[in-house]
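Trainee: The structure file structure_12.tsv (TSV, C-alpha atoms) is provided below.
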```
chain	number	residue	atom	x	y	z
H	1	MET	CA	55.12	-172.47	29.80
H	2	ARG	CA	58.72	-171.27	29.44
H	3	THR	CA	59.09	-167.57	28.69
H	4	VAL	CA	55.38	-167.20	28.17
H	5	GLY	CA	55.65	-163.44	27.90
H	6	ALA	CA	58.12	-163.69	25.04
H	7	ALA	CA	56.04	-166.32	23.34
H	8	LEU	CA	52.90	-164.24	23.58
H	9	ALA	CA	54.76	-161.30	22.11
H	10	ALA	CA	55.12	-163.38	18.95
H	11	LEU	CA	51.36	-163.25	18.57
H	12	SER	CA	51.72	-159.76	17.16
H	13	PHE	CA	53.47	-161.35	14.17
H	14	VAL	CA	51.14	-164.31	13.74
H	15	GLY	CA	48.13	-163.81	11.50
H	16	VAL	CA	45.75	-166.03	13.40
H	17	GLY	CA	41.97	-166.44	13.25
H	18	ALA	CA	39.70	-164.82	15.75
H	19	LEU	CA	37.79	-165.62	18.77
H	20	ALA	CA	35.69	-167.95	20.30
H	21	GLY	CA	33.38	-170.72	19.83
H	22	CYS	CA	30.13	-171.49	20.98
H	23	SER	CA	26.84	-173.08	21.31
H	24	GLY	CA	23.79	-172.16	19.33
H	25	GLU	CA	21.29	-169.53	20.20
H	26	GLY	CA	18.96	-170.67	22.94
H	27	SER	CA	21.20	-173.49	24.20
H	28	GLY	CA	22.46	-171.58	27.22
H	29	ASP	CA	26.04	-170.96	28.33
H	30	GLY	CA	26.10	-174.02	30.56
H	31	VAL	CA	25.04	-176.68	28.05
H	32	SER	CA	27.23	-179.74	28.28
H	33	PRO	CA	28.76	-181.06	25.05
H	34	ASN	CA	27.29	-184.42	26.07
H	35	ALA	CA	23.74	-183.11	26.38
H	36	SER	CA	20.79	-184.30	24.34
H	37	THR	CA	21.76	-182.12	21.38
H	38	THR	CA	24.62	-184.55	20.77
H	39	SER	CA	22.51	-187.61	20.19
H	40	SER	CA	23.99	-190.78	18.77
H	41	PRO	CA	24.15	-191.33	14.99
H	42	SER	CA	21.15	-193.67	15.03
H	43	ALA	CA	18.91	-190.91	16.44
H	44	SER	CA	19.34	-188.48	13.54
H	45	PRO	CA	16.55	-187.72	11.08
H	46	SER	CA	16.46	-189.13	7.57
H	47	PRO	CA	17.25	-186.96	4.52
H	48	SER	CA	14.61	-184.39	3.68
H	49	ARG	CA	12.88	-185.18	0.39
H	50	ALA	CA	12.01	-181.53	-0.09
H	51	SER	CA	15.49	-180.10	0.36
H	52	GLY	CA	17.66	-183.07	-0.56
H	53	TRP	CA	19.80	-182.31	2.50
H	54	ASN	CA	21.34	-185.38	4.12
H	55	PRO	CA	21.60	-184.85	7.90
H	56	ARG	CA	23.91	-187.85	8.26
H	57	PRO	CA	26.84	-187.34	5.86
H	58	GLY	CA	29.39	-190.14	5.84
H	59	SER	CA	32.56	-188.04	5.64
H	60	VAL	CA	33.66	-184.51	6.64
H	61	ALA	CA	36.32	-182.16	5.28
H	62	ALA	CA	37.03	-178.90	7.11
H	63	VAL	CA	38.40	-175.64	5.71
H	64	GLY	CA	39.04	-172.38	7.50
H	65	ASP	CA	41.52	-170.64	9.79
H	66	SER	CA	43.08	-171.05	13.23
H	67	ILE	CA	39.74	-171.66	14.94
H	68	THR	CA	39.33	-174.89	13.00
H	69	ARG	CA	42.98	-175.77	13.70
H	70	GLY	CA	42.44	-175.48	17.47
H	71	PHE	CA	45.10	-172.79	17.80
H	72	ASP	CA	46.00	-171.89	21.42
H	73	ALA	CA	43.44	-174.34	22.80
H	74	CYS	CA	46.02	-176.79	24.22
H	75	SER	CA	49.24	-174.80	24.53
H	76	VAL	CA	50.54	-171.36	23.71
H	77	LEU	CA	51.20	-170.46	20.06
H	78	ALA	CA	50.45	-173.92	18.67
H	79	ASP	CA	47.79	-175.60	16.59
H	80	CYS	CA	45.91	-178.38	18.37
H	81	PRO	CA	43.82	-180.08	15.66
H	82	GLU	CA	42.80	-182.88	18.03
H	83	VAL	CA	40.42	-180.40	19.71
H	84	SER	CA	39.08	-178.92	16.47
H	85	TRP	CA	35.32	-178.42	16.58
H	86	ALA	CA	35.08	-179.88	13.06
H	87	THR	CA	37.36	-182.92	12.92
H	88	GLY	CA	39.10	-183.33	16.30
H	89	SER	CA	39.35	-186.53	18.31
H	90	ASP	CA	39.26	-185.05	21.83
H	91	SER	CA	36.57	-186.76	23.92
H	92	LEU	CA	35.66	-183.56	25.79
H	93	VAL	CA	35.06	-181.59	22.60
H	94	ARG	CA	33.23	-184.34	20.69
H	95	SER	CA	33.83	-182.77	17.31
H	96	LEU	CA	31.29	-182.64	14.53
H	97	ALA	CA	32.99	-185.57	12.80
H	98	VAL	CA	32.85	-187.67	15.97
H	99	ARG	CA	29.20	-186.81	16.56
H	100	LEU	CA	28.25	-187.65	12.97
H	101	LEU	CA	30.47	-190.65	12.28
H	102	GLY	CA	31.51	-192.02	15.67
H	103	PRO	CA	35.10	-191.97	17.00
H	104	ALA	CA	36.40	-194.87	14.91
H	105	LYS	CA	35.09	-193.76	11.52
H	106	ALA	CA	35.97	-190.14	12.15
H	107	VAL	CA	39.67	-191.04	12.08
H	108	ASP	CA	39.55	-192.26	8.49
H	109	ARG	CA	36.62	-190.26	7.14
H	110	SER	CA	37.45	-186.68	8.16
H	111	TRP	CA	40.13	-184.27	6.96
H	112	ASN	CA	41.27	-180.84	8.20
H	113	HIS	CA	42.60	-178.48	5.53
H	114	ALA	CA	42.26	-175.28	7.57
H	115	VAL	CA	45.34	-173.06	7.95
H	116	SER	CA	46.04	-170.74	10.86
H	117	GLY	CA	46.16	-167.16	9.69
H	118	ALA	CA	44.16	-167.78	6.51
H	119	ARG	CA	41.84	-165.17	5.06
H	120	MET	CA	39.04	-165.60	2.55
H	121	ALA	CA	41.46	-165.10	-0.34
H	122	GLN	CA	43.12	-168.39	0.63
H	123	LEU	CA	39.87	-170.36	0.77
H	124	PRO	CA	39.77	-171.42	-2.91
H	125	GLU	CA	43.04	-173.33	-2.46
H	126	GLN	CA	41.71	-175.07	0.64
H	127	MET	CA	38.48	-175.93	-1.17
H	128	ALA	CA	40.44	-177.54	-3.98
H	129	LEU	CA	42.19	-179.77	-1.44
H	130	ALA	CA	38.91	-180.62	0.25
H	131	ALA	CA	37.32	-181.55	-3.08
H	132	LYS	CA	40.03	-184.14	-3.69
H	133	GLU	CA	38.82	-186.05	-0.62
H	134	ARG	CA	35.36	-186.43	-2.22
H	135	PRO	CA	33.70	-185.59	1.12
H	136	GLU	CA	29.98	-185.76	1.70
H	137	LEU	CA	30.17	-182.61	3.86
H	138	VAL	CA	32.54	-179.63	3.86
H	139	THR	CA	32.55	-177.24	6.83
H	140	VAL	CA	33.57	-173.61	6.29
H	141	MET	CA	34.59	-171.18	9.01
H	142	MET	CA	36.42	-168.21	7.53
H	143	GLY	CA	36.39	-164.43	7.76
H	144	ALA	CA	37.61	-163.41	11.19
H	145	ASN	CA	41.11	-162.68	9.90
H	146	ASP	CA	39.65	-160.48	7.16
H	147	ALA	CA	38.29	-158.15	9.86
H	148	CYS	CA	41.04	-158.65	12.44
H	149	ARG	CA	43.78	-156.49	10.91
H	150	ASP	CA	46.22	-153.92	12.22
H	151	SER	CA	43.87	-151.15	11.11
H	152	VAL	CA	40.36	-150.67	9.76
H	153	GLY	CA	41.80	-149.66	6.40
H	154	LEU	CA	43.45	-153.07	6.00
H	155	MET	CA	40.23	-155.06	6.38
H	156	THR	CA	39.24	-157.07	3.30
H	157	PRO	CA	36.73	-155.12	1.17
H	158	VAL	CA	33.30	-156.75	1.10
H	159	ALA	CA	33.39	-157.09	-2.70
H	160	ASP	CA	36.71	-158.95	-2.54
H	161	PHE	CA	35.39	-161.16	0.25
H	162	ARG	CA	32.38	-162.07	-1.90
H	163	GLU	CA	34.50	-162.74	-4.97
H	164	SER	CA	36.81	-165.09	-3.04
H	165	PHE	CA	33.93	-166.99	-1.45
H	166	GLU	CA	32.19	-167.41	-4.80
H	167	ALA	CA	35.46	-168.64	-6.30
H	168	SER	CA	35.80	-171.09	-3.40
H	169	MET	CA	32.38	-172.57	-4.06
H	170	ARG	CA	33.20	-172.92	-7.77
H	171	GLN	CA	36.45	-174.65	-6.87
H	172	LEU	CA	34.62	-177.13	-4.68
H	173	ARG	CA	31.93	-177.79	-7.26
H	174	ALA	CA	34.53	-178.51	-9.92
H	175	GLY	CA	35.79	-181.48	-7.93
H	176	ALA	CA	32.90	-182.41	-5.64
H	177	PRO	CA	29.64	-181.28	-7.28
H	178	ARG	CA	27.31	-182.96	-4.79
H	179	ALA	CA	29.19	-182.33	-1.54
H	180	GLN	CA	27.10	-180.59	1.11
H	181	VAL	CA	28.52	-177.40	2.59
H	182	TYR	CA	27.96	-176.07	6.11
H	183	VAL	CA	28.96	-172.41	6.51
H	184	SER	CA	29.52	-170.89	9.96
H	185	SER	CA	29.02	-167.19	10.52
H	186	VAL	CA	31.97	-165.01	11.55
H	187	PRO	CA	32.09	-164.59	15.36
H	188	ASP	CA	31.14	-161.34	17.08
H	189	LEU	CA	34.44	-159.53	17.54
H	190	LYS	CA	32.85	-156.63	19.38
H	191	ARG	CA	31.54	-159.00	22.02
H	192	LEU	CA	35.11	-160.28	22.38
H	193	TRP	CA	36.23	-156.75	23.18
H	194	SER	CA	33.38	-156.10	25.63
H	195	THR	CA	33.94	-159.44	27.38
H	196	GLY	CA	37.72	-159.18	27.74
H	197	ARG	CA	38.15	-155.48	28.42
H	198	LEU	CA	37.15	-155.99	32.04
H	199	ASP	CA	40.11	-158.33	32.62
H	200	GLU	CA	43.55	-156.77	33.07
H	201	GLY	CA	45.33	-159.90	31.89
H	202	ALA	CA	43.35	-159.98	28.66
H	203	LYS	CA	44.16	-156.36	27.92
H	204	ARG	CA	47.87	-156.93	28.52
H	205	ILE	CA	47.83	-159.80	26.04
H	206	TRP	CA	45.84	-157.82	23.48
H	207	SER	CA	48.28	-154.93	23.76
H	208	LEU	CA	50.91	-157.15	22.14
H	209	GLY	CA	49.12	-156.59	18.86
H	210	ILE	CA	46.21	-159.04	18.63
H	211	CYS	CA	43.38	-157.92	16.31
H	212	ARG	CA	44.28	-154.27	16.60
H	213	SER	CA	41.36	-153.15	14.45
H	214	MET	CA	39.01	-154.14	17.27
H	215	LEU	CA	41.11	-154.73	20.41
H	216	ALA	CA	43.71	-151.93	20.36
H	217	GLU	CA	43.47	-149.52	23.33
H	218	ALA	CA	40.68	-151.53	24.87
H	219	ASP	CA	39.91	-148.94	27.56
H	220	ASP	CA	39.58	-146.06	25.09
H	221	LEU	CA	35.92	-145.04	24.86
H	222	GLY	CA	36.53	-141.86	22.88
H	223	PRO	CA	34.70	-141.11	19.62
H	224	ALA	CA	37.53	-142.33	17.36
H	225	ALA	CA	37.89	-145.66	19.18
H	226	VAL	CA	34.12	-146.20	19.21
H	227	ALA	CA	33.92	-145.44	15.48
H	228	ARG	CA	36.79	-147.85	14.79
H	229	ARG	CA	35.10	-150.72	16.64
H	230	ASP	CA	31.76	-149.97	15.02
H	231	ALA	CA	33.42	-150.09	11.59
H	232	VAL	CA	34.84	-153.55	12.34
H	233	GLN	CA	31.46	-154.73	13.60
H	234	GLU	CA	29.72	-153.46	10.47
H	235	ARG	CA	32.27	-155.26	8.31
H	236	VAL	CA	31.73	-158.55	10.13
H	237	VAL	CA	27.97	-158.17	9.68
H	238	ALA	CA	28.54	-157.52	5.98
H	239	TYR	CA	30.77	-160.61	5.69
H	240	ASN	CA	28.05	-162.71	7.26
H	241	GLY	CA	25.58	-161.32	4.74
H	242	VAL	CA	27.89	-162.47	1.95
H	243	LEU	CA	28.21	-165.94	3.45
H	244	ARG	CA	24.43	-166.20	3.74
H	245	ASP	CA	23.69	-164.92	0.24
H	246	VAL	CA	26.31	-166.94	-1.63
H	247	CYS	CA	25.38	-170.09	0.28
H	248	ALA	CA	21.70	-169.56	-0.54
H	249	LYS	CA	22.48	-169.82	-4.26
H	250	ASP	CA	23.83	-173.37	-3.87
H	251	ARG	CA	21.21	-176.05	-3.24
H	252	HIS	CA	23.69	-178.16	-1.28
H	253	CYS	CA	24.79	-175.35	1.07
H	254	ARG	CA	23.46	-174.53	4.54
H	255	TYR	CA	24.37	-171.34	6.47
H	256	ASP	CA	24.18	-171.38	10.27
H	257	GLY	CA	21.68	-168.51	10.35
H	258	GLY	CA	24.10	-166.35	12.36
H	259	ALA	CA	24.27	-168.80	15.27
H	260	VAL	CA	28.02	-168.44	15.88
H	261	PHE	CA	27.86	-164.65	15.59
H	262	GLY	CA	24.89	-164.51	17.95
H	263	PHE	CA	26.22	-166.75	20.70
H	264	ARG	CA	26.83	-164.89	23.97
H	265	PHE	CA	30.12	-166.55	24.84
H	266	THR	CA	31.94	-165.97	28.11
H	267	GLU	CA	35.58	-166.13	29.17
H	268	ALA	CA	35.17	-169.89	29.74
H	269	GLN	CA	35.01	-170.32	25.96
H	270	LEU	CA	38.22	-168.30	25.38
H	271	SER	CA	41.80	-169.53	25.35
H	272	PRO	CA	43.57	-168.74	28.65
H	273	TRP	CA	46.70	-167.89	26.65
H	274	ASP	CA	45.35	-165.21	24.35
H	275	TRP	CA	41.72	-164.36	25.28
H	276	PHE	CA	41.03	-164.60	21.58
H	277	HIS	CA	40.77	-168.14	20.25
H	278	PRO	CA	38.36	-170.81	21.51
H	279	SER	CA	39.29	-172.91	24.50
H	280	ARG	CA	38.36	-176.61	24.59
H	281	ASP	CA	35.00	-175.53	25.95
H	282	GLY	CA	34.62	-173.07	23.09
H	283	GLN	CA	35.48	-175.73	20.55
H	284	ALA	CA	32.82	-178.01	22.07
H	285	ARG	CA	30.25	-175.25	21.70
H	286	LEU	CA	31.14	-174.82	18.02
H	287	ALA	CA	30.76	-178.55	17.49
H	288	GLU	CA	27.39	-178.45	19.23
H	289	ILE	CA	26.13	-175.60	17.02
H	290	ALA	CA	27.25	-177.34	13.85
H	291	TYR	CA	25.80	-180.72	14.80
H	292	ARG	CA	22.42	-179.25	15.66
H	293	ASN	CA	22.17	-177.23	12.43
H	294	ILE	CA	23.42	-179.99	10.15
H	295	THR	CA	21.08	-182.63	11.56
H	296	ALA	CA	18.03	-180.34	11.65
H	297	ALA	CA	15.21	-181.14	9.26
H	298	GLU	CA	15.17	-177.52	8.07
H	299	PRO	CA	17.97	-174.96	7.80
H	300	PRO	CA	18.19	-172.26	10.49
H	301	ALA	CA	16.11	-169.17	9.82
```
Output the file's structure as C-alpha cells, nothing else.
Mentor:
Amino acid sequence: MRTVGAALAALSFVGVGALAGCSGEGSGDGVSPNASTTSSPSASPSPSRASGWNPRPGSVAAVGDSITRGFDACSVLADCPEVSWATGSDSLVRSLAVRLLGPAKAVDRSWNHAVSGARMAQLPEQMALAAKERPELVTVMMGANDACRDSVGLMTPVADFRESFEASMRQLRAGAPRAQVYVSSVPDLKRLWSTGRLDEGAKRIWSLGICRSMLAEADDLGPAAVARRDAVQERVVAYNGVLRDVCAKDRHCRYDGGAVFGFRFTEAQLSPWDWFHPSRDGQARLAEIAYRNITAAEPPA
C-alpha cells in the first residue's frame, strides 16, 4: 500500500464505475454466498415453455464498467477480474459463471468485455465483442458512470442513454440473435452517500473527486446540495426505467426488476480503498442476485 494517499488522489482522474454490489431484495444483509440460493447446477429448473427462457445457459459473456471488472476489490486503483460478480474465479465470490457452469467450465465458457470507466455510449462496442463469442447469456451492468460525473450538467441525457442501449441491443442481435440478456439495474448512488457520509475516512476519500455529482461536500445539507443529490437520484431512476423498457421489447432479455438498485447495502459491501466500488463481499452479493433472477422460473416483477 505504498503512498496510498497519492494513489487515491489519482481516483479523481479515473472515470470508474460506481458503487456497490449486493444481494437481492429480501435476502438479508447477512446471506452467505454459499447459502441455498447458490444451488448446484443440477438443482436448477428446466427452461420455461411459456417464456422460452433457459435458466441454465451454457456460456456467459459480461459487458459493463468497473464493477464488472472488480475494480478496487483486491488492491487500490486496479482491476481484479478474478472477483468479478459475472465471470470471476474467486471461490469466496462464486461468480455467476461459476454458479451456472461450475469452476472448470467457467474458465473456458465465460468472457469479460467490461471496461473500467465505460459509460452507456461505449456499450455497443462491448456488445459487438460479446456477440463474437456466441454466448448463451450476456450480462449487462452499465449506467453508474453516466450519473457519476463532475457535475449534474454533465450527466448523460436520458434520451442519449436510451439511444445507446437500443443500439447495443441491435449490435448484439446482429451477431448473436438468440443470446439471452440479463440486465442489472443501476445501483442506488444516494444510498452510497447516506451510508458513507457518517465515516470520516470515506468523506476524505470522496473529497479527492469521486462521483462529485452525488458525493461532493458530503456534509452539506443545504438546499442546493439536496437538490443536486435529488437530481442525480432522479436520473438513476430514469436510467433504470430505460433499461427495463428496452429490455422488455426483446423476448430474450430479462431485467432484474430493480433488485440491485433496491438492495440496502452496508459498508461491508464497499471497497475499503474507495468506499465506492464493491468489495469481495459486494461482488458475491451481485452474483447472488444475478443467479437467483436468471434461474427463476419467471422474471422479477
Trainee: Got a sec: who's within 9 Å of stretch 51-58 of chain H, counting only C-alpha atoms, leaving out chain neighbours fewer than 5 positions off, as a VMD selection string?
Mentor: chain H and resid 41 44 to 46 100 to 101 105 109 135 to 137 180 251 to 254 293 to 298
Trainee: Can you spit out the residues from that selection as a PDB file, keeping the file's coordinate frame, using C-alpha atoms?
Mentor:
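selection12.pdb, written as the output of this step:
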```pdb
ATOM      1  CA  PRO H  41      24.150-191.330  14.990  1.00  0.00           C
ATOM      2  CA  SER H  44      19.340-188.480  13.540  1.00  0.00           C
ATOM      3  CA  PRO H  45      16.550-187.720  11.080  1.00  0.00           C
ATOM      4  CA  SER H  46      16.460-189.130   7.570  1.00  0.00           C
ATOM      5  CA  LEU H 100      28.250-187.650  12.970  1.00  0.00           C
ATOM      6  CA  LEU H 101      30.470-190.650  12.280  1.00  0.00           C
ATOM      7  CA  LYS H 105      35.090-193.760  11.520  1.00  0.00           C
ATOM      8  CA  ARG H 109      36.620-190.260   7.140  1.00  0.00           C
ATOM      9  CA  PRO H 135      33.700-185.590   1.120  1.00  0.00           C
ATOM     10  CA  GLU H 136      29.980-185.760   1.700  1.00  0.00           C
ATOM     11  CA  LEU H 137      30.170-182.610   3.860  1.00  0.00           C
ATOM     12  CA  GLN H 180      27.100-180.590   1.110  1.00  0.00           C
ATOM     13  CA  ARG H 251      21.210-176.050  -3.240  1.00  0.00           C
ATOM     14  CA  HIS H 252      23.690-178.160  -1.280  1.00  0.00           C
ATOM     15  CA  CYS H 253      24.790-175.350   1.070  1.00  0.00           C
ATOM     16  CA  ARG H 254      23.460-174.530   4.540  1.00  0.00           C
ATOM     17  CA  ASN H 293      22.170-177.230  12.430  1.00  0.00           C
ATOM     18  CA  ILE H 294      23.420-179.990  10.150  1.00  0.00           C
ATOM     19  CA  THR H 295      21.080-182.630  11.560  1.00  0.00           C
ATOM     20  CA  ALA H 296      18.030-180.340  11.650  1.00  0.00           C
ATOM     21  CA  ALA H 297      15.210-181.140   9.260  1.00  0.00           C
ATOM     22  CA  GLU H 298      15.170-177.520   8.070  1.00  0.00           C
TER      23      GLU H 298
END
```
Trainee: Would you please work out which residue, of H:Gly117, H:Pro124, H:Pro278, H:Pro299, is nearest to H:Ser168 when using all atoms listed in the file?
Mentor: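 Of the candidates, the smallest distance to H:Ser168 is held by H:Pro124.
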Trainee: For H:Val138, list every protein, DNA or RNA residue within 10 Å, evaluated using all atoms listed in the file, and leave out those in the same chain fewer than 3 positions away; present the list as a list in words.
Mentor: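 Neighbouring residues, sequence-local ones excluded: Pro57, Ser59, Val60, Ala61, Ala62, Val63, Ala86, Ser110, Trp111, Asn112, Met127, Ala130, Ala131, Arg134, Pro135, Leu172, Ala176, Ala179, Gln180, Val181, Tyr182, Val183 and Cys253 of chain H.
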Trainee: Enclose stretch 186-196 of chain H, meaning all of its atoms listed in the file, in a box aligned along x, y and z, pad it by 4 Å on each side, and list the centre and edge lengths in Å to one decimal, as lines of an AutoDock Vina configuration file.
Mentor:
```
center_x = 34.4
center_y = -160.6
center_z = 19.6
size_x = 14.6
size_y = 16.9
size_z = 24.2
```
Trainee: Have a look at atom CA of H:Val107 and atom CA of H:Pro177 and let me know their distance in Å, one decimal.
Mentor: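 So the answer is 23.9 Å.
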Trainee: Rank H:Arg285, H:Arg204, H:Arg149, H:Arg162 by their smallest atom-to-atom distance to H:Leu243, using only C-alpha atoms, and report the top residue only.
Mentor: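 Selected residue with least distance to H:Leu243: H:Arg162.
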Trainee: Using all atoms listed in the file for the distances, tell me which of H:Ala78, H:Tyr239, H:Ala174, H:Gly70 is nearest to H:Ser95.
Mentor: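 Going through H:Ala78, H:Tyr239, H:Ala174, H:Gly70 one by one, the smallest distance to H:Ser95 is for H:Gly70.
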Trainee: Just the residues within 12 Å of H:Arg197, please, counting all atoms listed in the file, with nothing from its chain fewer than 4 positions along; format it as an mmCIF file with C-alpha atoms, keeping the file's coordinate frame.
Mentor:
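Output (part.cif):
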```cif
data_model
loop_
_atom_site.group_PDB
_atom_site.id
_atom_site.type_symbol
_atom_site.label_atom_id
_atom_site.label_comp_id
_atom_site.auth_asym_id
_atom_site.auth_seq_id
_atom_site.Cartn_x
_atom_site.Cartn_y
_atom_site.Cartn_z
ATOM 1 C CA LYS H 190 32.850 -156.630 19.380
ATOM 2 C CA ARG H 191 31.540 -159.000 22.020
ATOM 3 C CA LEU H 192 35.110 -160.280 22.380
ATOM 4 C CA TRP H 193 36.230 -156.750 23.180
ATOM 5 C CA GLY H 201 45.330 -159.900 31.890
ATOM 6 C CA ALA H 202 43.350 -159.980 28.660
ATOM 7 C CA LYS H 203 44.160 -156.360 27.920
ATOM 8 C CA ARG H 204 47.870 -156.930 28.520
ATOM 9 C CA ILE H 205 47.830 -159.800 26.040
ATOM 10 C CA TRP H 206 45.840 -157.820 23.480
ATOM 11 C CA SER H 207 48.280 -154.930 23.760
ATOM 12 C CA MET H 214 39.010 -154.140 17.270
ATOM 13 C CA LEU H 215 41.110 -154.730 20.410
ATOM 14 C CA ALA H 216 43.710 -151.930 20.360
ATOM 15 C CA GLU H 217 43.470 -149.520 23.330
ATOM 16 C CA ALA H 218 40.680 -151.530 24.870
ATOM 17 C CA ASP H 219 39.910 -148.940 27.560
ATOM 18 C CA ASP H 220 39.580 -146.060 25.090
ATOM 19 C CA LEU H 221 35.920 -145.040 24.860
ATOM 20 C CA GLU H 267 35.580 -166.130 29.170
ATOM 21 C CA TRP H 275 41.720 -164.360 25.280
ATOM 22 C CA PHE H 276 41.030 -164.600 21.580
#
```
Trainee: I'd like to know which of H:Leu208, H:Val236, H:Ala73, H:Ala224 is closest to H:Ala144, using only C-alpha atoms.
Mentor: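 With only C-alpha atoms as the atom set, the closest residue is H:Val236.
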Trainee: Please compute the atom CA of H:Asp150-atom CA of H:Val246 distance, one decimal, in Å.
Mentor: 27.5 Å
Trainee: Could you state the separation of atom CA of H:Gln283 and atom CA of H:Val186 in Å, given to one decimal place?
Mentor: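 Distance reported for this atom pair: 14.4 Å.
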Trainee: Restricting the calculation to all atoms listed in the file, which member of H:Gly241, H:Pro272, H:Pro157, H:Pro223 is positioned closest to H:Ser185?
Mentor: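 The closest residue to H:Ser185 is H:Gly241.
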Trainee: Per residue of stretch 128-217 of chain H within 10 Å of stretch 231-235 of chain H, record the nearest atom pair and its distance in Å to one decimal, counting all atoms listed in the file, with rows in chain order and ascending residue number, as a Markdown table.
Mentor:
```
| residue | atom | partner | partner_atom | distance |
| --- | --- | --- | --- | --- |
| H:Asp146 | CA | H:Arg235 | CA | 9.1 |
| H:Ala147 | CA | H:Val232 | CA | 6.3 |
| H:Cys148 | CA | H:Val232 | CA | 8.0 |
| H:Arg149 | CA | H:Val232 | CA | 9.5 |
| H:Ser151 | CA | H:Val232 | CA | 9.4 |
| H:Val152 | CA | H:Val232 | CA | 6.7 |
| H:Gly153 | CA | H:Ala231 | CA | 9.9 |
| H:Met155 | CA | H:Val232 | CA | 8.2 |
| H:Thr156 | CA | H:Arg235 | CA | 8.8 |
| H:Pro157 | CA | H:Arg235 | CA | 8.4 |
| H:Val158 | CA | H:Arg235 | CA | 7.4 |
| H:Asp188 | CA | H:Gln233 | CA | 7.5 |
| H:Leu189 | CA | H:Gln233 | CA | 6.9 |
| H:Lys190 | CA | H:Gln233 | CA | 6.2 |
| H:Arg191 | CA | H:Gln233 | CA | 9.4 |
| H:Ser213 | CA | H:Val232 | CA | 6.9 |
| H:Met214 | CA | H:Val232 | CA | 6.5 |
```
Trainee: Counting all atoms listed in the file, which residue out of H:Ser89, H:Gln269, H:Ser184, H:Gln126 sits closest to H:Pro103?
Mentor: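 For H:Pro103, the nearest of the candidates is H:Ser89.
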Trainee: Please produce stretch 54-59 of chain H, completed to all heavy atoms, as a PDB file, in the coordinates of the input.
Mentor:
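Dumped to selection.pdb:
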```pdb
ATOM      1  N   ASN H  54      21.099-184.165   3.354  1.00  0.00           N
ATOM      2  CA  ASN H  54      21.340-185.380   4.120  1.00  0.00           C
ATOM      3  C   ASN H  54      21.890-185.026   5.491  1.00  0.00           C
ATOM      4  O   ASN H  54      23.015-184.529   5.587  1.00  0.00           O
ATOM      5  CB  ASN H  54      22.323-186.288   3.384  1.00  0.00           C
ATOM      6  CG  ASN H  54      22.644-187.560   4.148  1.00  0.00           C
ATOM      7  OD1 ASN H  54      21.998-187.879   5.151  1.00  0.00           O
ATOM      8  ND2 ASN H  54      23.649-188.281   3.702  1.00  0.00           N
ATOM      9  N   PRO H  55      21.136-185.229   6.562  1.00  0.00           N
ATOM     10  CA  PRO H  55      21.600-184.850   7.900  1.00  0.00           C
ATOM     11  C   PRO H  55      22.613-185.834   8.484  1.00  0.00           C
ATOM     12  O   PRO H  55      23.097-185.614   9.587  1.00  0.00           O
ATOM     13  CB  PRO H  55      20.322-184.829   8.726  1.00  0.00           C
ATOM     14  CG  PRO H  55      19.461-185.834   8.063  1.00  0.00           C
ATOM     15  CD  PRO H  55      19.760-185.749   6.598  1.00  0.00           C
ATOM     16  N   ARG H  56      22.934-186.870   7.770  1.00  0.00           N
ATOM     17  CA  ARG H  56      23.910-187.850   8.260  1.00  0.00           C
ATOM     18  C   ARG H  56      24.980-188.120   7.204  1.00  0.00           C
ATOM     19  O   ARG H  56      25.107-189.221   6.687  1.00  0.00           O
ATOM     20  CB  ARG H  56      23.178-189.153   8.637  1.00  0.00           C
ATOM     21  CG  ARG H  56      24.062-190.183   9.296  1.00  0.00           C
ATOM     22  CD  ARG H  56      24.715-189.665  10.540  1.00  0.00           C
ATOM     23  NE  ARG H  56      23.724-189.231  11.508  1.00  0.00           N
ATOM     24  CZ  ARG H  56      24.026-188.602  12.637  1.00  0.00           C
ATOM     25  NH1 ARG H  56      25.281-188.318  12.909  1.00  0.00           N
ATOM     26  NH2 ARG H  56      23.074-188.239  13.475  1.00  0.00           N
ATOM     27  N   PRO H  57      25.785-187.111   6.845  1.00  0.00           N
ATOM     28  CA  PRO H  57      26.840-187.340   5.860  1.00  0.00           C
ATOM     29  C   PRO H  57      27.860-188.350   6.371  1.00  0.00           C
ATOM     30  O   PRO H  57      28.097-188.458   7.570  1.00  0.00           O
ATOM     31  CB  PRO H  57      27.468-185.951   5.689  1.00  0.00           C
ATOM     32  CG  PRO H  57      27.129-185.226   6.953  1.00  0.00           C
ATOM     33  CD  PRO H  57      25.790-185.738   7.375  1.00  0.00           C
ATOM     34  N   GLY H  58      28.477-189.072   5.457  1.00  0.00           N
ATOM     35  CA  GLY H  58      29.390-190.140   5.840  1.00  0.00           C
ATOM     36  C   GLY H  58      30.854-189.754   5.880  1.00  0.00           C
ATOM     37  O   GLY H  58      31.710-190.594   6.205  1.00  0.00           O
ATOM     38  N   SER H  59      31.178-188.507   5.571  1.00  0.00           N
ATOM     39  CA  SER H  59      32.560-188.040   5.640  1.00  0.00           C
ATOM     40  C   SER H  59      32.552-186.516   5.752  1.00  0.00           C
ATOM     41  O   SER H  59      31.619-185.856   5.287  1.00  0.00           O
ATOM     42  CB  SER H  59      33.375-188.485   4.426  1.00  0.00           C
ATOM     43  OG  SER H  59      32.765-188.053   3.226  1.00  0.00           O
TER      44      SER H  59
END
```
